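Q: Just dropping this structure here.
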Amino acid sequence: MEENRDYTAYIDAYLEGNLSGDELKEFENQLKENVDFALEVKAHQILINTVQQRSIEEKLKAFEASFIPDKTSLIDAYLGKELTEELLELVENKIRDDEQFKDEIEAQKLLIEQVKRDFLKGKLKTFEDSLSEEKEEKTSPVFKVERPQEEKSKEVKFYTSRTFAAAASICVILLAAIFMLKDYGDEPTNTIVSTYTIKVENINEGLGFADDGESEVEVEVIKNKELKGYYEFEDKTLKIYSSEKISNIKLEFDATSDPSFLLKLDGKKYLIDYTSKPTQLK
């Protein structure tokens with residue numbers, strides 16, 4: 001028994017490369033000269049390989065059961081090159097020895113490639129849709145609203161979200177312009193400041209305006225810087241254009257005078273007559 005054990009250890013030492021120079025030379029001579037000895041060494045080599053293979057299979061099964069219980073995770077780790085060298089060797093051995101496992105890996109690889117293609121198609125579709133939306137925004141129609149009461153028609157545009165920043169900047173500029181104009185005192189024209197009903201003093205009774213039974217006139221003081229110092233007089237209404245209020249207004253009628261009316265504004269006197277358009281006070 002002891003002799004067989006030493007004999008087996010002698011063969012193991014050769015297969016493992018642990019024999020010295022003289023021992024290795026003697027062993028190789030026996031392989032050439034002794035056929036039975038050569039067959040025994042070969043059988044021993046086959047036995048060792050079988051034991052090693054079984055050990056590898058058992059390790060792989062233990063790995064699959066303990067660390068990655070499902071094949072899908074194992075294959076994913078293999079295809080993703082996330083296995084350690086030892087685990088990679090175990091999987092490659094299984095691929096070589098297990099045809100079904102090899103087919104499963106190929107199927108999963110095709111599935112992953114299909115998922116990648118579908119993902120890329122989705123990204124491409126999203127990109128194309130965004131280009132289409134941007135094109136529609138650039139070609140969006142402009143709607144105009146006509147307002148008859150305004151001197152000029154204003155164009156009203158409906159902008160997309162991409163133009164909000166520019167629109168906000170324009171609004172800021174417009175607001176600044178409005179405040180600047182306000183600071184300079186500009187106000188809407190033709191603003192009625194006050195309205196008076198005054199009696200017309202008839203200098204020569206029995207003549208002209210008072211003879212017809214009309215002894216009162218409606219006076220409107222209108223604020224308008226551009227027409228300051230002008231008036232209109234028709235239909236029993238006297239319009240006086242001024243930039244400020246007038247506290248004292250009097251009107252006299254003299255049929256012998258031309259013009260026939262004398263207007264007194266805060267102590268100043270002006271001759272006026274009927275007129276339907278703005279006329280300067282003189």
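In the structure tokens, chains take letters A, B, ... by order of appearance, with residues numbered from 1 within each chain and ligands from 1 in the order shown.
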Considering only C-alpha atoms, return as a list of chain:residue names whatever protein or nucleic-acid residues lie within 8 Å of Asn248 of chain A, sequence-local ones (same chain, fewer than 4 positions apart) excluded.

A: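 Near Asn248 of chain A, the qualifying residues are A:Lys264, A:Leu265, A:Asp266, A:Gly267.
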
Q: If you keep all heavy atoms, can you produce a file of those selected residues as a CSV table (one decimal), in the first residue's frame?

A:
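After the write, out.csv holds the following:
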```csv
chain,number,residue,atom,x,y,z
A,264,LYS,N,-63.8,137.0,-21.8
A,264,LYS,CA,-62.9,137.4,-20.7
A,264,LYS,C,-62.4,136.2,-19.9
A,264,LYS,O,-63.3,135.5,-19.3
A,264,LYS,CB,-63.6,138.4,-19.8
A,264,LYS,CG,-63.9,139.7,-20.5
A,264,LYS,CD,-64.6,140.7,-19.5
A,264,LYS,CE,-65.0,142.0,-20.2
A,264,LYS,NZ,-65.7,142.9,-19.2
A,265,LEU,N,-61.1,135.9,-20.0
A,265,LEU,CA,-60.6,134.8,-19.3
A,265,LEU,C,-59.6,135.2,-18.2
A,265,LEU,O,-58.5,135.7,-18.6
A,265,LEU,CB,-59.9,133.8,-20.2
A,265,LEU,CG,-60.7,133.2,-21.4
A,265,LEU,CD1,-59.9,132.3,-22.3
A,265,LEU,CD2,-61.9,132.4,-20.8
A,266,ASP,N,-59.9,135.1,-17.0
A,266,ASP,CA,-59.0,135.5,-15.9
A,266,ASP,C,-58.5,136.9,-16.1
A,266,ASP,O,-57.3,137.1,-16.0
A,266,ASP,CB,-57.9,134.5,-15.7
A,266,ASP,CG,-58.4,133.1,-15.2
A,266,ASP,OD1,-59.4,133.1,-14.5
A,266,ASP,OD2,-57.7,132.1,-15.5
A,267,GLY,N,-59.3,137.8,-16.5
A,267,GLY,CA,-58.9,139.2,-16.7
A,267,GLY,C,-58.4,139.5,-18.1
A,267,GLY,O,-58.3,140.7,-18.4
```

Q: Hey, what's within 12 Å of Ser247 of chain A if we count only C-alpha atoms and toss same-chain stuff fewer than 2 positions away? As a list in words, please?

A: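 Here the answer would be Val193, Ser194, Thr195, Tyr196, Val221, Ser242, Glu244, Lys245, Ile249, Lys250, Lys264, Leu265, Asp266 and Gly267 of chain A.
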
Q: List the spatial neighbours of Leu263 of chain A as a VMD selection string - criterion: any atom at most 6 Å away, only C-alpha atoms, same-chain residues fewer than 4 positions off excluded.

A: chain A and resid 250 to 251 269 to 270

Q: With N, CA, C and O atoms retained, write the just-selected residues as a JSON list (two decimals), in the first residue's frame.

A:
```json
[["chain", "number", "residue", "atom", "x", "y", "z"],
["A", 250, "LYS", "N", -66.10, 135.02, -18.62],
["A", 250, "LYS", "CA", -67.24, 135.89, -18.93],
["A", 250, "LYS", "C", -67.35, 136.05, -20.43],
["A", 250, "LYS", "O", -66.34, 136.04, -21.14],
["A", 251, "LEU", "N", -68.60, 136.25, -20.89],
["A", 251, "LEU", "CA", -68.83, 136.41, -22.33],
["A", 251, "LEU", "C", -69.83, 137.56, -22.55],
["A", 251, "LEU", "O", -70.90, 137.56, -21.96],
["A", 269, "LYS", "N", -58.86, 139.71, -22.28],
["A", 269, "LYS", "CA", -59.99, 139.88, -23.19],
["A", 269, "LYS", "C", -59.63, 139.41, -24.59],
["A", 269, "LYS", "O", -58.53, 139.66, -25.08],
["A", 270, "TYR", "N", -60.60, 138.70, -25.24],
["A", 270, "TYR", "CA", -60.40, 138.20, -26.59],
["A", 270, "TYR", "C", -61.70, 138.37, -27.38],
["A", 270, "TYR", "O", -62.78, 138.07, -26.87]]
```

Q: I'd like the neighbourhood of Asn93 of chain A as a ChimeraX atom specification, where a residue qualifies if any of its atoms comes within 10 Å (using only C-alpha atoms), though same-chain residues fewer than 4 positions away should be ignored.

A: /A:53,56-57,60,87-89,97-98

Q: Based on the selection just made, write C-alpha atoms of those residues as an mmCIF file, in the first residue's frame.

A:
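The resulting part-v3.cif:
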```
data_model
loop_
_atom_site.group_PDB
_atom_site.id
_atom_site.type_symbol
_atom_site.label_atom_id
_atom_site.label_comp_id
_atom_site.auth_asym_id
_atom_site.auth_seq_id
_atom_site.Cartn_x
_atom_site.Cartn_y
_atom_site.Cartn_z
ATOM 1 C CA GLN A 53 -13.709 18.935 -14.153
ATOM 2 C CA ILE A 56 -15.256 22.982 -11.531
ATOM 3 C CA GLU A 57 -18.836 21.875 -12.168
ATOM 4 C CA LEU A 60 -20.244 26.570 -10.718
ATOM 5 C CA LEU A 87 -16.175 33.114 -12.151
ATOM 6 C CA LEU A 88 -15.454 33.863 -15.815
ATOM 7 C CA GLU A 89 -13.540 30.599 -16.092
ATOM 8 C CA ASP A 97 -19.823 21.621 -21.730
ATOM 9 C CA ASP A 98 -23.507 22.708 -21.673
#
```

Q: Contacts of Phe37 of chain A at 12 Å or less, counting only C-alpha atoms, minus same-chain residues fewer than 5 places along, as a PyMOL selection string?

A: chain A and resi 7-8+10-11+27-32+42-44
